[in-house]
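Asker: I am attaching a structure below and will ask some questions about it afterwards.
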Amino acid sequence: MIGWTLGGYFFRRFAVITGWNFAGIAALVFIVTFTENSARFSELEGFSPQWALGLALLQLPIIMMQAVPFVGLISAMAALVSLNRKYELVVTRAAGISAWQFLTPIAFGAFAFGLAAVLILNPIAAAGFSKAQELEAQVRGADTRTTAENERWLKQRTGDTETIIGADAALSEGRTLIRPIFIRIDEDGDIIERIDAERAFLREGFWEVRDATRRAGTAAPEAIETLSIKTNLQPEYVGERLTLPESLSIFELPGKIEVARTLGLRANAFAMHFHSLVTLPPLLVAMALIAATVSMRFARMGQSATVILGGVFAGFLLYVTSVLVKAFGSAGFVPPFIAAWTPVLVAMFFGVTFLLYREDG
């Protein structure tokens, strides 16, 4: 059996390489994000380099959450290839230690990295994402609605009228809307008025709308500091329809899902995001097993670029499959639990099968 000293050495090698890879990729992502923000918002009022730096810093954690599987794959590949090139794996196997044993500390390190990403990085990313949405909506103003991606709508009925509600972002679990639009429609389907505002707060039985501009018929726009719009909506419903799952941490998601289901809402997007976070640590273990497929050749034969690229492609294919199945789970075509766990189990079976074939014949 592999001892604590050797196992700790392999674990430290993986941890150090993972730390450097994570820091390097984070620095690159920060620079690219800052450059992109500067190009997108430089002509808007309220833009400044300091604002762009702050926005890039807030967006960095959520982007790094998406990069965690690739960091785990690259780190495992780099650690194993490095150990193999220095003949440390050769000496380890010559001492009678199997691949299953020397891969255990690396798999444990990958699991710990995934756990840290879920429990530490994810809450930071959720908070930063929410704040970044608010800052972006403030600076972009009316230009925020230039793409369909930013358009999120819901409908309420009060009496004989319907109100279509849209917003750039929903904060505080649906209780605060950033740059909302209220379009009131009568029973004949005609638009009565449109109200554009800076903020709207959901109170008990009404929307408190601030800094609004009302347009009714052919009349000139009317600026209103504060007005109330009757509603029968609950914050949980508004949050489920307008809030993005990424703005909630793993600690907030179970309560959000439970409340939404008690209101008769499916909450598939939130359930899918929750199960994706839960499966992240075992997904990184699967990535480590895939990395082992490119590091099992004897060092004198070399790890050819083709084999290494094959491992990278396999990891990328696993990630794309996970994203695709996640879309099915969010849409309700596949139960979120099954959609989250299926790619992980398939990848683990692939890695275990390869190691059984190479190690045990």
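Naming scheme: A, B, ... for chains in displayed order of the structure tokens; residues 1 onward per chain; ligands 1 onward as shown.
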Write out as a list of chain:residue names the residues lying within 12 Å of Ile338 in chain A, counting only C-alpha atoms and excluding same-chain residues fewer than 2 positions away.

Answerer: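 What passes the distance filter is A:Ala271, A:Met272, A:His275, A:Ser276, A:Thr279, A:Ser322, A:Val325, A:Lys326, A:Phe328, A:Gly329, A:Ser330, A:Gly332, A:Phe333, A:Val334, A:Pro335, A:Pro336, A:Ala340, A:Trp341, A:Thr342, A:Pro343, A:Val344, A:Leu345, A:Val346.
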
Asker: Can you list every residue in range 120-354 of chain A that DSSP puts in helix (DSSP H, G or I), as a PyMOL selection string?

Answerer: chain A and resi 120-146+148-150+172-174+235-242+245-247+253-262+268-278+280-292+299-301+305-331+336-354

Asker: Which residue, A:Thr321, A:Ser48, A:Gln66, A:Ser98, has the smallest gap to Gly114 in chain A when you use only C-alpha atoms?

Answerer: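 Result for the nearest residue to Gly114 in chain A: A:Gln66.
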
Asker: For Ala52 in chain A, find every residue with an atom within 7 Å (counting only C-alpha atoms), except residues of its own chain fewer than 2 positions away, and show them as a PDB file with N, CA and C atoms, in the first residue's frame.

Answerer:
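part_4.pdb written:
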ATOM      1  N   PHE A  34     -11.636  42.461 -18.283  1.00  0.00           N
ATOM      2  CA  PHE A  34     -11.465  43.914 -18.202  1.00  0.00           C
ATOM      3  C   PHE A  34     -11.412  44.538 -19.596  1.00  0.00           C
ATOM      4  N   ASN A  37     -14.971  44.434 -21.101  1.00  0.00           N
ATOM      5  CA  ASN A  37     -15.836  45.437 -20.483  1.00  0.00           C
ATOM      6  C   ASN A  37     -15.490  46.844 -20.970  1.00  0.00           C
ATOM      7  N   SER A  38     -14.208  47.106 -21.114  1.00  0.00           N
ATOM      8  CA  SER A  38     -13.794  48.424 -21.596  1.00  0.00           C
ATOM      9  C   SER A  38     -14.282  48.661 -23.013  1.00  0.00           C
ATOM     10  N   SER A  48     -15.787  54.332 -16.311  1.00  0.00           N
ATOM     11  CA  SER A  48     -14.441  54.748 -15.928  1.00  0.00           C
ATOM     12  C   SER A  48     -13.580  53.496 -15.834  1.00  0.00           C
ATOM     13  N   PRO A  49     -12.276  53.614 -15.983  1.00  0.00           N
ATOM     14  CA  PRO A  49     -11.416  52.434 -15.858  1.00  0.00           C
ATOM     15  C   PRO A  49     -11.554  51.752 -14.499  1.00  0.00           C
ATOM     16  N   GLN A  50     -11.749  52.547 -13.447  1.00  0.00           N
ATOM     17  CA  GLN A  50     -11.920  51.949 -12.128  1.00  0.00           C
ATOM     18  C   GLN A  50     -13.199  51.124 -12.063  1.00  0.00           C
ATOM     19  N   GLY A  54     -13.496  47.103 -11.346  1.00  0.00           N
ATOM     20  CA  GLY A  54     -14.371  46.551 -10.321  1.00  0.00           C
ATOM     21  C   GLY A  54     -15.340  45.536 -10.884  1.00  0.00           C
ATOM     22  N   LEU A  55     -15.911  45.828 -12.055  1.00  0.00           N
ATOM     23  CA  LEU A  55     -16.849  44.889 -12.678  1.00  0.00           C
ATOM     24  C   LEU A  55     -16.142  43.593 -13.065  1.00  0.00           C
ATOM     25  N   ALA A  56     -14.938  43.704 -13.614  1.00  0.00           N
ATOM     26  CA  ALA A  56     -14.182  42.503 -13.977  1.00  0.00           C
ATOM     27  C   ALA A  56     -13.854  41.665 -12.748  1.00  0.00           C
TER      28      ALA A  56
END

Asker: Could you name the residues that touch Ser249 in chain A at 8 Å or less, counting only C-alpha atoms, but leaving out those on the same chain fewer than 3 positions away, as a list in words?

Answerer: Asn122, Pro123, Ala125, Ala126, Ala127, Glu246, Glu252 and Leu253 of chain A

Asker: Using only N, CA and C atoms, please write the residues we just selected to a file, as a short mmCIF file (atom, residue, chain, number, x, y, z; two decimals), in the first residue's frame.

Answerer:
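Result file result_7.cif:
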data_model
loop_
_atom_site.label_atom_id
_atom_site.label_comp_id
_atom_site.auth_asym_id
_atom_site.auth_seq_id
_atom_site.Cartn_x
_atom_site.Cartn_y
_atom_site.Cartn_z
N ASN A 122 -18.11 29.24 -4.81
CA ASN A 122 -19.48 29.44 -5.29
C ASN A 122 -20.23 30.56 -4.56
N PRO A 123 -20.21 30.63 -3.21
CA PRO A 123 -20.89 31.76 -2.57
C PRO A 123 -20.30 33.12 -2.97
N ALA A 125 -18.84 33.73 -5.85
CA ALA A 125 -19.26 33.95 -7.23
C ALA A 125 -20.71 34.40 -7.31
N ALA A 126 -21.59 33.82 -6.51
CA ALA A 126 -23.01 34.21 -6.53
C ALA A 126 -23.18 35.66 -6.10
N ALA A 127 -22.50 36.05 -5.01
CA ALA A 127 -22.60 37.43 -4.54
C ALA A 127 -22.01 38.40 -5.56
N GLU A 246 -27.43 31.38 -11.21
CA GLU A 246 -26.05 31.66 -10.84
C GLU A 246 -25.92 32.72 -9.75
N GLU A 252 -28.21 28.68 -0.57
CA GLU A 252 -29.51 29.31 -0.76
C GLU A 252 -30.42 28.52 -1.68
N LEU A 253 -29.85 27.71 -2.55
CA LEU A 253 -30.64 27.03 -3.57
C LEU A 253 -31.66 26.05 -3.01
#

Asker: Excluding Pro245 in chain A and its own-chain neighbours fewer than 2 positions away, which residues fall within 10 Å of it when counting only C-alpha atoms? Please give them as JSON, numbers by chain.

Answerer: {"A": [126, 239, 240, 242, 243, 247, 248, 249, 250, 253, 256, 267, 268, 269, 270, 271, 272, 273, 274]}

Asker: Can you work out the spacing between CA of Pro281 in chain A and CA of Gly8 in chain A in Å, to one decimal?

Answerer: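 Atom-to-atom, CA of Pro281 in chain A and CA of Gly8 in chain A are spaced 19.6 Å apart.
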
Asker: May I ask for the distance between CA of Ile185 in chain A and CA of Thr163 in chain A, given in Å to one decimal place?

Answerer: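 Interatomic distance here is 6.1 Å.
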
Asker: Using only C-alpha atoms, which residue out of A:Phe251, A:Phe11, A:Val32, A:Pro235 lies closest to Ile124 in chain A?

Answerer: A:Phe251

Asker: Please, what distance in Å, to one decimal, runs between CA of Asp211 in chain A and CA of Thr226 in chain A?

Answerer: 6.2 Å

Asker: So, counting only C-alpha atoms, which residue among A:Ile63, A:Tyr319, A:Leu6, A:Glu162 is closest to Leu28 in chain A?

Answerer: A:Ile63

Asker: Point out the residue among A:Arg184, A:Arg179, A:Lys230, A:Arg93 with the least atom-to-atom distance to Val139 in chain A, counting only C-alpha atoms.

Answerer: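 For Val139 in chain A, the nearest of the given residues is A:Arg179.
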
Asker: Find the residues around Ser228 in chain A up to 10 Å (only C-alpha atoms counted), leave out those fewer than 5 positions away in its own chain, and share them as a count of residues only.

Answerer: 10
